[in-house]
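Engineer: Provided below: protein_31.cif, containing mmCIF, C-alpha atoms.
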```
data_coords
loop_
_atom_site.label_atom_id
_atom_site.label_comp_id
_atom_site.auth_asym_id
_atom_site.auth_seq_id
_atom_site.Cartn_x
_atom_site.Cartn_y
_atom_site.Cartn_z
CA MET P 1 28.94 -9.07 14.24
CA ARG P 2 27.19 -6.19 12.49
CA ILE P 3 24.20 -7.33 10.43
CA VAL P 4 22.21 -5.00 8.16
CA MET P 5 18.84 -6.13 6.82
CA PHE P 6 16.64 -4.57 4.12
CA TYR P 7 13.03 -5.76 4.40
CA HIS P 8 9.56 -4.55 3.47
CA SER P 9 8.62 -3.83 7.08
CA LEU P 10 9.58 -4.74 10.61
CA LEU P 11 6.92 -2.48 12.09
CA SER P 12 3.86 -3.83 10.29
CA ASP P 13 2.50 -7.34 9.80
CA TRP P 14 -0.68 -6.18 8.01
CA ASN P 15 -0.91 -8.75 5.17
CA HIS P 16 2.83 -9.23 5.65
CA GLY P 17 3.61 -12.59 7.18
CA ASN P 18 7.35 -12.22 6.71
CA ALA P 19 7.38 -9.64 9.51
CA HIS P 20 6.70 -12.50 11.96
CA PHE P 21 9.89 -14.35 11.04
CA LEU P 22 11.94 -11.17 10.72
CA ARG P 23 11.01 -10.07 14.23
CA GLY P 24 11.93 -13.45 15.65
CA ILE P 25 15.27 -13.56 13.85
CA VAL P 26 16.21 -10.02 14.88
CA SER P 27 15.22 -10.74 18.49
CA GLU P 28 17.37 -13.86 18.54
CA LEU P 29 20.37 -12.10 16.98
CA LEU P 30 20.11 -9.24 19.48
CA SER P 31 19.96 -11.75 22.34
CA ARG P 32 23.32 -13.05 21.15
CA ASP P 33 24.80 -9.53 21.28
CA HIS P 34 24.96 -8.98 17.51
CA ASP P 35 24.54 -5.43 16.21
CA VAL P 36 21.45 -5.53 13.95
CA GLN P 37 19.98 -2.71 11.87
CA VAL P 38 16.78 -3.15 9.85
CA TYR P 39 15.93 -0.79 6.99
CA GLU P 40 12.41 -0.50 5.59
CA PRO P 41 11.01 1.92 2.97
CA GLN P 42 9.26 5.02 4.27
CA GLU P 43 6.16 4.23 2.21
CA ALA P 44 5.98 0.49 2.90
CA TRP P 45 2.63 -0.78 1.59
CA SER P 46 1.90 -2.91 4.65
CA LEU P 47 2.60 -0.11 7.11
CA GLN P 48 0.56 2.40 5.14
CA ASN P 49 -2.46 0.09 5.19
CA LEU P 50 -2.04 -0.61 8.88
CA LEU P 51 -1.89 3.09 9.75
CA ALA P 52 -4.84 3.89 7.50
CA GLU P 53 -7.03 1.29 9.20
CA HIS P 54 -5.86 1.46 12.82
CA GLY P 55 -3.80 4.60 13.34
CA ASN P 56 -0.60 4.63 15.38
CA ALA P 57 -1.84 2.43 18.24
CA PRO P 58 -0.53 -0.86 16.71
CA ILE P 59 2.96 0.65 16.43
CA LEU P 60 2.93 1.48 20.13
CA ARG P 61 1.77 -2.06 20.93
CA PHE P 62 4.50 -3.47 18.69
CA GLN P 63 7.12 -1.48 20.60
CA ALA P 64 5.78 -2.84 23.89
CA ALA P 65 5.74 -6.42 22.58
CA TYR P 66 9.22 -6.18 21.07
CA PRO P 67 11.32 -3.86 23.25
CA GLY P 68 14.58 -3.12 21.52
CA LEU P 69 13.32 -3.80 17.99
CA GLU P 70 13.36 -0.79 15.70
CA SER P 71 13.87 0.01 12.07
CA TYR P 72 15.26 2.86 10.02
CA ARG P 73 12.67 4.12 7.53
CA TYR P 74 14.35 5.38 4.37
CA GLN P 75 13.51 6.93 1.04
CA LEU P 76 15.25 5.19 -1.84
CA LYS P 77 16.39 8.36 -3.58
CA THR P 78 18.16 9.67 -0.45
CA LEU P 79 19.44 6.38 1.01
CA ASP P 80 23.19 6.61 1.69
CA LEU P 81 24.52 3.07 1.36
CA ASP P 82 28.03 4.04 2.43
CA GLU P 83 26.56 5.13 5.76
CA ALA P 84 24.06 2.28 6.07
CA LEU P 85 26.59 -0.46 5.30
CA ASP P 86 29.58 1.00 7.09
CA GLY P 87 31.21 -1.74 9.16
CA ALA P 88 28.72 -4.40 8.09
CA ASP P 89 29.74 -8.06 8.24
CA LEU P 90 26.55 -9.54 6.80
CA VAL P 91 23.86 -7.86 4.69
CA ILE P 92 20.52 -9.54 3.88
CA VAL P 93 18.15 -8.11 1.27
CA HIS P 94 14.59 -9.45 1.13
CA GLU P 95 12.95 -10.16 -2.23
CA TRP P 96 10.08 -7.73 -1.55
CA ASN P 97 12.35 -4.78 -2.29
CA ASP P 98 12.67 -2.38 -5.18
CA HIS P 99 14.76 -3.76 -8.05
CA GLN P 100 16.86 -0.60 -7.99
CA LEU P 101 17.72 -1.06 -4.31
CA VAL P 102 18.71 -4.69 -4.88
CA GLN P 103 20.99 -3.64 -7.73
CA ARG P 104 22.47 -0.68 -5.86
CA ILE P 105 23.41 -2.82 -2.87
CA GLY P 106 24.99 -5.37 -5.19
CA GLU P 107 27.03 -2.65 -6.86
CA HIS P 108 28.06 -1.30 -3.46
CA ARG P 109 29.24 -4.75 -2.47
CA ASN P 110 31.24 -5.00 -5.72
CA ASN P 111 32.83 -1.57 -5.32
CA VAL P 112 33.37 -1.42 -1.57
CA GLY P 113 33.26 -5.03 -0.36
CA GLY P 114 34.01 -6.12 3.17
CA TYR P 115 30.76 -7.95 3.88
CA ARG P 116 28.80 -11.04 2.88
CA LEU P 117 25.62 -10.30 0.88
CA LEU P 118 22.56 -12.57 0.72
CA PHE P 119 19.17 -12.32 -1.00
CA HIS P 120 16.18 -13.71 0.95
CA ASP P 121 13.11 -15.15 -0.82
CA THR P 122 9.96 -15.95 1.20
CA HIS P 123 7.27 -15.82 -1.48
CA HIS P 124 5.87 -17.74 -4.44
CA ARG P 125 6.80 -15.15 -7.08
CA SER P 126 9.57 -17.41 -8.42
CA VAL P 127 6.75 -19.41 -10.01
CA SER P 128 3.86 -16.94 -10.05
CA ASP P 129 5.80 -13.95 -11.44
CA ARG P 130 9.06 -15.24 -12.87
CA SER P 131 9.74 -12.17 -14.99
CA GLN P 132 9.80 -9.96 -11.89
CA MET P 133 12.15 -12.32 -10.07
CA ALA P 134 14.42 -12.79 -13.08
CA ALA P 135 14.77 -9.00 -13.25
CA TYR P 136 16.59 -8.85 -9.90
CA ASP P 137 20.31 -8.38 -10.47
CA LEU P 138 22.02 -10.76 -8.04
CA THR P 139 25.37 -10.74 -9.84
CA ASN P 140 27.28 -9.41 -6.84
CA TYR P 141 25.42 -11.41 -4.19
CA ASP P 142 27.00 -14.35 -2.39
CA GLY P 143 23.82 -16.36 -2.72
CA VAL P 144 20.15 -16.79 -1.90
CA LEU P 145 18.29 -17.85 1.23
CA ALA P 146 15.10 -19.60 0.06
CA TYR P 147 12.33 -20.66 2.41
CA GLY P 148 11.84 -23.95 0.62
CA SER P 149 14.09 -26.32 -1.31
CA VAL P 150 11.88 -26.11 -4.37
CA ILE P 151 12.47 -22.33 -4.51
CA ARG P 152 16.19 -22.82 -3.86
CA ASP P 153 16.34 -25.18 -6.85
CA ILE P 154 14.51 -22.70 -9.09
CA TYR P 155 17.18 -20.07 -8.43
CA LEU P 156 19.93 -22.53 -9.29
CA THR P 157 18.21 -24.01 -12.34
CA GLU P 158 17.31 -20.61 -13.77
CA GLY P 159 20.84 -19.37 -13.19
CA TRP P 160 19.67 -16.46 -11.04
CA THR P 161 22.40 -17.31 -8.53
CA GLN P 162 25.33 -19.67 -8.19
CA ARG P 163 24.68 -20.55 -4.55
CA ALA P 164 21.46 -21.02 -2.62
CA TRP P 165 20.45 -22.46 0.73
CA THR P 166 17.12 -23.64 2.12
CA TRP P 167 16.22 -21.45 5.09
CA HIS P 168 12.74 -22.27 6.32
CA GLU P 169 10.69 -19.94 8.45
CA ALA P 170 10.21 -20.86 12.11
CA ALA P 171 8.42 -19.90 15.31
CA ASP P 172 9.57 -17.11 17.59
CA THR P 173 9.16 -19.08 20.80
CA ARG P 174 9.79 -16.01 22.92
CA LEU P 175 6.22 -15.03 22.06
CA PHE P 176 4.68 -18.15 20.53
CA HIS P 177 4.20 -20.65 23.32
CA PRO P 178 1.25 -22.30 25.10
CA ILE P 179 -0.81 -20.16 27.46
CA ASP P 180 -2.75 -22.21 30.03
CA ALA P 181 -5.86 -21.71 32.14
CA VAL P 182 -7.63 -19.29 29.82
CA GLN P 183 -11.41 -19.32 29.56
CA SER P 184 -12.68 -20.70 26.25
CA GLU P 185 -14.29 -18.30 23.77
CA GLY P 186 -15.08 -20.85 21.10
CA ASP P 187 -14.20 -24.05 19.32
CA LEU P 188 -12.23 -23.11 16.20
CA VAL P 189 -10.16 -20.08 15.28
CA TRP P 190 -8.52 -19.47 11.91
CA ILE P 191 -5.99 -16.69 11.41
CA GLY P 192 -5.23 -15.85 7.80
CA ASN P 193 -5.84 -13.33 5.04
CA TRP P 194 -8.31 -13.85 2.22
CA GLY P 195 -5.81 -12.49 -0.32
CA ASP P 196 -5.94 -12.49 -4.08
CA GLU P 197 -8.29 -15.39 -4.80
CA GLU P 198 -5.36 -17.79 -4.31
CA ARG P 199 -7.39 -20.13 -2.07
CA THR P 200 -11.00 -18.99 -2.29
CA ALA P 201 -12.40 -22.40 -3.23
CA GLU P 202 -10.25 -24.03 -0.55
CA LEU P 203 -11.54 -21.69 2.16
CA TYR P 204 -15.10 -22.61 1.29
CA GLU P 205 -14.30 -26.33 1.22
CA PHE P 206 -12.07 -26.60 4.28
CA LEU P 207 -13.33 -23.77 6.52
CA ILE P 208 -16.76 -22.38 5.78
CA GLU P 209 -18.64 -25.54 4.81
CA PRO P 210 -17.28 -27.80 7.61
CA VAL P 211 -18.00 -25.13 10.24
CA LYS P 212 -21.48 -24.61 8.86
CA ALA P 213 -22.18 -28.34 8.95
CA LEU P 214 -20.80 -28.83 12.46
CA GLU P 215 -22.36 -25.66 13.87
CA ILE P 216 -19.28 -24.98 15.98
CA LYS P 217 -18.42 -21.58 17.42
CA THR P 218 -15.75 -20.12 15.13
CA ARG P 219 -13.79 -16.90 14.75
CA VAL P 220 -11.71 -15.72 11.79
CA HIS P 221 -9.00 -13.06 11.85
CA GLY P 222 -7.37 -11.52 8.80
CA VAL P 223 -7.48 -8.75 6.19
CA ARG P 224 -8.45 -8.23 2.57
CA TYR P 225 -11.79 -10.03 2.92
CA PRO P 226 -14.20 -8.93 0.18
CA GLU P 227 -17.82 -8.27 1.02
CA ASN P 228 -18.99 -11.57 -0.45
CA ALA P 229 -16.50 -13.47 1.73
CA ILE P 230 -17.65 -11.67 4.87
CA ALA P 231 -21.24 -12.45 3.90
CA SER P 232 -20.37 -16.13 3.50
CA LEU P 233 -18.76 -16.18 6.94
CA LYS P 234 -21.82 -14.58 8.45
CA ALA P 235 -24.11 -17.08 6.74
CA ALA P 236 -22.10 -19.89 8.35
CA ASN P 237 -22.36 -18.14 11.73
CA ILE P 238 -18.60 -17.46 11.73
CA GLN P 239 -17.43 -14.33 13.52
CA TYR P 240 -15.15 -12.15 11.37
CA ALA P 241 -12.85 -10.20 13.68
CA GLY P 242 -10.49 -8.43 11.24
CA TRP P 243 -6.77 -7.83 11.55
CA LEU P 244 -4.85 -9.36 14.44
CA ALA P 245 -1.26 -8.42 15.27
CA ASN P 246 0.93 -11.50 15.23
CA TYR P 247 2.17 -10.93 18.79
CA GLU P 248 -1.47 -11.18 19.96
CA VAL P 249 -1.99 -14.58 18.32
CA PRO P 250 -0.86 -16.79 21.26
CA GLU P 251 -3.43 -15.20 23.54
CA VAL P 252 -6.18 -15.76 20.96
CA PHE P 253 -5.16 -19.39 20.42
CA ALA P 254 -5.45 -19.91 24.18
CA HIS P 255 -9.16 -19.05 24.00
CA PHE P 256 -9.97 -21.70 21.37
CA LYS P 257 -9.73 -25.48 21.15
CA ILE P 258 -8.48 -26.10 17.60
CA THR P 259 -7.24 -24.34 14.47
CA ILE P 260 -6.76 -25.16 10.79
CA HIS P 261 -4.28 -24.45 8.01
CA VAL P 262 -5.45 -23.70 4.47
CA PRO P 263 -2.44 -23.38 2.13
CA ARG P 264 -2.55 -21.09 -0.87
CA ARG P 265 -2.81 -22.97 -4.16
CA PHE P 266 0.82 -22.32 -5.17
CA TYR P 267 2.02 -24.23 -2.10
CA THR P 268 -0.07 -27.28 -2.89
CA GLU P 269 0.39 -27.46 -6.67
CA VAL P 270 3.90 -26.22 -7.53
CA LEU P 271 5.75 -25.40 -4.29
CA PRO P 272 5.45 -28.48 -2.05
CA GLY P 273 7.28 -28.55 1.25
CA ILE P 274 6.55 -24.95 2.27
CA PRO P 275 3.98 -24.76 5.08
CA THR P 276 4.25 -20.97 5.68
CA ILE P 277 4.88 -19.53 9.12
CA ARG P 278 1.32 -19.95 10.42
CA VAL P 279 1.87 -23.70 10.91
CA PHE P 280 5.05 -23.16 12.92
CA GLU P 281 3.36 -20.56 15.11
CA ALA P 282 0.22 -22.58 15.76
CA LEU P 283 2.15 -25.69 16.78
CA ALA P 284 4.43 -23.58 18.98
CA CYS P 285 1.33 -22.39 20.84
CA GLY P 286 0.22 -25.97 21.47
CA ILE P 287 -3.12 -25.75 19.70
CA PRO P 288 -4.27 -28.86 17.77
CA LEU P 289 -4.18 -28.23 14.03
CA VAL P 290 -5.87 -29.80 11.02
CA SER P 291 -4.46 -28.88 7.62
CA ALA P 292 -5.95 -28.91 4.16
CA PRO P 293 -3.70 -30.91 1.79
CA TRP P 294 -0.05 -30.02 1.34
CA GLU P 295 2.91 -32.30 0.77
CA ASP P 296 5.66 -32.17 3.39
CA VAL P 297 8.34 -33.32 0.95
CA GLU P 298 11.16 -32.01 3.16
CA GLY P 299 10.06 -33.92 6.25
CA LEU P 300 9.67 -30.89 8.48
CA PHE P 301 6.91 -32.55 10.47
CA THR P 302 5.20 -35.89 10.94
CA PRO P 303 1.67 -35.47 9.53
CA GLY P 304 -0.80 -37.52 11.53
CA LYS P 305 1.31 -37.07 14.65
CA ASP P 306 2.17 -33.34 14.79
CA PHE P 307 -1.05 -32.31 13.04
CA LEU P 308 -3.78 -33.93 10.98
CA ILE P 309 -4.24 -33.73 7.20
CA ALA P 310 -7.70 -33.54 5.66
CA GLN P 311 -7.76 -34.42 1.97
CA THR P 312 -11.36 -33.25 1.45
CA GLY P 313 -13.86 -30.95 3.08
CA GLU P 314 -15.78 -33.95 4.38
CA GLU P 315 -12.62 -35.30 6.00
CA MET P 316 -11.93 -31.89 7.53
CA GLN P 317 -15.40 -31.98 9.06
CA ARG P 318 -14.83 -35.44 10.51
CA GLN P 319 -11.43 -34.60 11.95
CA LEU P 320 -12.56 -31.35 13.54
CA SER P 321 -15.47 -33.17 15.12
CA ALA P 322 -13.19 -35.93 16.43
CA LEU P 323 -10.73 -33.46 17.99
CA LEU P 324 -13.49 -31.54 19.71
CA LYS P 325 -14.91 -34.73 21.19
CA ASP P 326 -11.65 -36.48 22.13
CA GLU P 327 -9.61 -34.36 24.55
CA GLN P 328 -6.85 -36.96 24.86
CA MET P 329 -6.39 -37.10 21.08
CA ALA P 330 -6.23 -33.31 20.92
CA LYS P 331 -3.74 -33.21 23.81
CA GLU P 332 -1.40 -35.75 22.20
CA LEU P 333 -1.52 -33.91 18.88
CA SER P 334 -0.69 -30.56 20.45
CA GLU P 335 2.14 -32.02 22.56
CA ASN P 336 3.72 -33.72 19.56
CA GLY P 337 3.51 -30.59 17.42
CA LEU P 338 5.01 -28.41 20.15
CA ARG P 339 7.83 -30.89 20.73
CA THR P 340 8.74 -30.85 17.03
CA ILE P 341 8.86 -27.05 17.01
CA LEU P 342 11.08 -26.88 20.09
CA ASN P 343 13.41 -29.56 18.75
CA ARG P 344 13.77 -28.29 15.17
CA HIS P 345 11.89 -25.16 14.18
CA THR P 346 12.57 -22.16 16.39
CA CYS P 347 14.12 -18.86 15.35
CA ALA P 348 17.14 -19.91 17.42
CA HIS P 349 17.58 -22.90 15.10
CA ARG P 350 17.35 -20.62 12.06
CA VAL P 351 19.90 -18.18 13.45
CA ASP P 352 22.27 -21.11 13.98
CA GLU P 353 21.75 -22.03 10.32
CA LEU P 354 22.30 -18.44 9.18
CA LEU P 355 25.55 -18.13 11.12
CA ASP P 356 26.70 -21.46 9.69
CA ILE P 357 26.07 -20.15 6.16
CA TYR P 358 28.01 -16.99 6.99
CA ALA P 359 30.89 -19.11 8.30
CA GLN P 360 30.86 -21.17 5.07
CA LEU P 361 31.14 -17.98 3.03
CA GLN P 362 33.96 -16.68 5.20
CA ASP P 363 35.84 -19.99 4.89
CA THR P 364 35.40 -19.93 1.11
CA GLN P 365 36.70 -16.37 0.89
CA HIS P 366 39.66 -17.19 3.14
CA HIS P 367 40.51 -20.21 0.98
CA LYS P 368 40.45 -18.05 -2.16
CA VAL P 369 42.77 -15.49 -0.56
CA VAL P 370 45.21 -18.15 0.60
CA THR P 371 45.33 -20.03 -2.70
CA THR P 372 45.74 -16.88 -4.80
#
```
Here is the file; what I need is its structure written in the form of structure tokens.
Structural biologist:
Amino acid sequence: MRIVMFYHSLLSDWNHGNAHFLRGIVSELLSRDHDVQVYEPQEAWSLQNLLAEHGNAPILRFQAAYPGLESYRYQLKTLDLDEALDGADLVIVHEWNDHQLVQRIGEHRNNVGGYRLLFHDTHHRSVSDRSQMAAYDLTNYDGVLAYGSVIRDIYLTEGWTQRAWTWHEAADTRLFHPIDAVQSEGDLVWIGNWGDEERTAELYEFLIEPVKALEIKTRVHGVRYPENAIASLKAANIQYAGWLANYEVPEVFAHFKITIHVPRRFYTEVLPGIPTIRVFEALACGIPLVSAPWEDVEGLFTPGKDFLIAQTGEEMQRQLSALLKDEQMAKELSENGLRTILNRHTCAHRVDELLDIYAQLQDTQHHKVVTT
């Protein structure tokens, strides 16, 4: 099957978590002998920031980590959709794309046809920036892939689409897996971006203050940390180590004993059930995890068994301390979390779901043809 995908970037994961999932899905599809082509804009914001900060070296490391993965970098004004979509069976357009591109592909589908067309939403803009999302013209799309049921329901309730499916992110277990017998470099590592003040208070409550109180050796990786945040990390004796490529995360996890998850406010207040990909990846690497509050309304995991939940900063401090002192408790937690990932939440599982959705659409189209 020929699959064409339009995403913000395959090459860069600088402040672009969706690249993690995209890489895993493309790798899995290629392993099943599908023909996959990824298109990303020439001036992708994530890639431009990555190149500005680190030069071309991360691109070379990406190519070594993901042999066979490549993208076509286009300019919107010169993009030839007839050429790009020639022979396509399935086309997926991510929500972090220009409104004009989304509309043009929909019009191409309407005029030329011959393929299934899906819109993919992996962000909180359906609640944080509804006007931008409502402006996407999905008239000629077969439906929406939403990375949480609450987002799926928003699309249906708002009338932005007639069909939508929940398609959660997942771990690329080709790269995200436990690495044993590595010398410890510290107690706690947290990998995440500071962002747009969406969880500033939470990071102080669930990361900085517990670490400061426990005096445990801690490292933080991520981008977009303002000077005051870096100063706060330093005051708590937390090492700030900057951007980390996602394919280097398993090796870093192997050097630390525990990690945490601090959801952005949108995912705790209005978008329950969406853990973001960091949880899947951490559990896939077999590192014990303690999460700040979020409600697993879709039953993806078993909180308390796959990972621990801390409702307050004080509880986070107690649970981190307990895990560091009790190796058996930490071992059981990591084994349970890894087992859940392997049983339910790998990119192979998500590709199975995607192909099932494609088959549903093909069956529906065939039924229409037969009955008319």
Engineer: Given the choices P:Asp196, P:Asp326, P:Glu335, P:Glu281, which gets closest to Gly17 in chain P if the distance is worked out from only C-alpha atoms?
Structural biologist: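 So, comparing all the options, the nearest one is P:Glu281.
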Engineer: I'd like the residues picked by the PyMOL selection byres ((chain P and resi 211) around 9) written out as a VMD selection string, using the chain letters and numbers from the file.
Structural biologist: chain P and resid 188 206 to 210 212 to 218 236 to 238 317 320
Engineer: Please save C-alpha atoms of the selected residues as a compact mmCIF listing (two decimals), keeping the file's coordinate frame.
Structural biologist:
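What follows is the written file result-v3.txt:
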```txt
# COMPACT_ATOMS: atom_id res chain seq x y z
CA LEU P 188 -12.23 -23.11 16.20
CA PHE P 206 -12.07 -26.60 4.28
CA LEU P 207 -13.33 -23.77 6.52
CA ILE P 208 -16.76 -22.38 5.78
CA GLU P 209 -18.64 -25.54 4.81
CA PRO P 210 -17.28 -27.80 7.61
CA LYS P 212 -21.48 -24.61 8.86
CA ALA P 213 -22.18 -28.34 8.95
CA LEU P 214 -20.80 -28.83 12.46
CA GLU P 215 -22.36 -25.66 13.87
CA ILE P 216 -19.28 -24.98 15.98
CA LYS P 217 -18.42 -21.58 17.42
CA THR P 218 -15.75 -20.12 15.13
CA ALA P 236 -22.10 -19.89 8.35
CA ASN P 237 -22.36 -18.14 11.73
CA ILE P 238 -18.60 -17.46 11.73
CA GLN P 317 -15.40 -31.98 9.06
CA LEU P 320 -12.56 -31.35 13.54
```
Engineer: My list of candidates is P:His261, P:His99, P:Arg61, P:Arg116. Which is closest to Thr364 in chain P when distances are computed with all atoms listed in the file?
Structural biologist: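 With all atoms listed in the file as the atom set, the closest residue is P:Arg116.
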Engineer: Write out as number ranges by chain which residues come within 12 Å of Arg318 in chain P when counting all atoms listed in the file, dropping same-chain ones fewer than 2 positions away.
Structural biologist: P: 206, 210-211, 213-214, 290, 308-316, 320-325
Engineer: Please give the centre and size of the box around range 286-301 of chain P (axis-aligned, containing every atom listed in the file, 5 Å added per side), with values in Å to one decimal and written as JSON.
Structural biologist:
```
{"center_x": 2.6, "center_y": -29.8, "center_z": 11.1, "size_x": 27.1, "size_y": 18.2, "size_z": 30.7}
```
Engineer: Counting only C-alpha atoms, which residue out of P:His124, P:Arg104, P:His34, P:His20 sits closest to Met1 in chain P?
Structural biologist: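 For Met1 in chain P, the nearest of the given residues is P:His34.
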Engineer: On this structure, which residues satisfy the PyMOL selection byres ((chain P and resi 83-92) around 10), written as a ChimeraX atom specification?
Structural biologist: /P:1-7,35-39,72,79-82,93-95,105,108-109,112-120,141,144-145,355,358
Engineer: Quick one: of P:Arg265, P:Arg174, P:Lys234, P:His221, who's nearest to Glu28 in chain P, counting all atoms listed in the file?
Structural biologist: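 Between P:Arg265, P:Arg174, P:Lys234, P:His221, the residue approaching Glu28 in chain P most closely is P:Arg174.
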Engineer: With only C-alpha atoms as the atoms that count, which of P:Ala64, P:Leu69, P:Ala282, P:Leu354 lies nearest to Ile179 in chain P?
Structural biologist: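 Between P:Ala64, P:Leu69, P:Ala282, P:Leu354, the residue approaching Ile179 in chain P most closely is P:Ala282.
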Engineer: With distances taken over only C-alpha atoms, which of P:Thr173, P:Ala65, P:Tyr267, P:Ala44 is nearest to Arg125 in chain P?
Structural biologist: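 Closest candidate: P:Tyr267.
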Engineer: How would you write, as JSON, numbers by chain, the residues chosen by the PyMOL selection byres ((chain P and resi 159-161) around 10) on this structure?
Structural biologist: {"P": [119, 133, 134, 135, 136, 137, 138, 139, 140, 141, 142, 143, 144, 152, 153, 154, 155, 156, 157, 158, 162, 163, 164]}
Engineer: Write out as an mmCIF file with C-alpha atoms, in the frame of the given file the residues lying within 8 Å of Ser149 in chain P, counting all atoms listed in the file and excluding same-chain residues fewer than 5 positions away.
Structural biologist:
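Written output follows (result14.cif):
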```cif
data_model
loop_
_atom_site.group_PDB
_atom_site.id
_atom_site.type_symbol
_atom_site.label_atom_id
_atom_site.label_comp_id
_atom_site.auth_asym_id
_atom_site.auth_seq_id
_atom_site.Cartn_x
_atom_site.Cartn_y
_atom_site.Cartn_z
ATOM 1 C CA TRP P 165 20.450 -22.460 0.730
ATOM 2 C CA THR P 166 17.120 -23.640 2.120
ATOM 3 C CA GLY P 273 7.280 -28.550 1.250
ATOM 4 C CA GLU P 298 11.160 -32.010 3.160
#
```
Engineer: Select all residues near (11.9, 0.3, 11.4) (cut-off 6 Å, inclusive, file coordinates), counting only C-alpha atoms, and output them as a PyMOL selection string.
Structural biologist: chain P and resi 10-11+40+70-73
Engineer: I'd like the interatomic distance between CA of Ala171 in chain P and CA of Phe280 in chain P, to a tenth of an Å.
Structural biologist: 5.3 Å
Engineer: In Å, with one decimal, what is the gap from CA of Ala229 in chain P to CA of Ile260 in chain P?
Structural biologist: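 It comes out at 17.7 Å.
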Engineer: Name all residues at most 9 Å from range 327-333 of chain P (count only C-alpha atoms; drop same-chain ones fewer than 6 positions away) and give them as a PDB file with C-alpha atoms, keeping the file's coordinate frame.
Structural biologist:
```pdb
ATOM      1  CA  LYS P 257      -9.730 -25.480  21.150  1.00  0.00           C
ATOM      2  CA  ILE P 258      -8.480 -26.100  17.600  1.00  0.00           C
ATOM      3  CA  GLY P 286       0.220 -25.970  21.470  1.00  0.00           C
ATOM      4  CA  ILE P 287      -3.120 -25.750  19.700  1.00  0.00           C
ATOM      5  CA  PRO P 288      -4.270 -28.860  17.770  1.00  0.00           C
ATOM      6  CA  LEU P 289      -4.180 -28.230  14.030  1.00  0.00           C
ATOM      7  CA  GLY P 304      -0.800 -37.520  11.530  1.00  0.00           C
ATOM      8  CA  LYS P 305       1.310 -37.070  14.650  1.00  0.00           C
ATOM      9  CA  ASP P 306       2.170 -33.340  14.790  1.00  0.00           C
ATOM     10  CA  PHE P 307      -1.050 -32.310  13.040  1.00  0.00           C
ATOM     11  CA  LEU P 308      -3.780 -33.930  10.980  1.00  0.00           C
TER      12      LEU P 308
END
```
Engineer: Using Å and a single decimal, report how far CA of Arg32 in chain P sits from CA of Ser12 in chain P.
Structural biologist: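 CA of Ser12 in chain P sits 24.1 Å away from CA of Arg32 in chain P.
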Engineer: Counting only C-alpha atoms, I want the residues whose atoms come within 10 Å of (7.5, -14.9, 25.0) in the file frame, returned as number ranges by chain.
Structural biologist: P: 65-66, 172-178, 247, 250
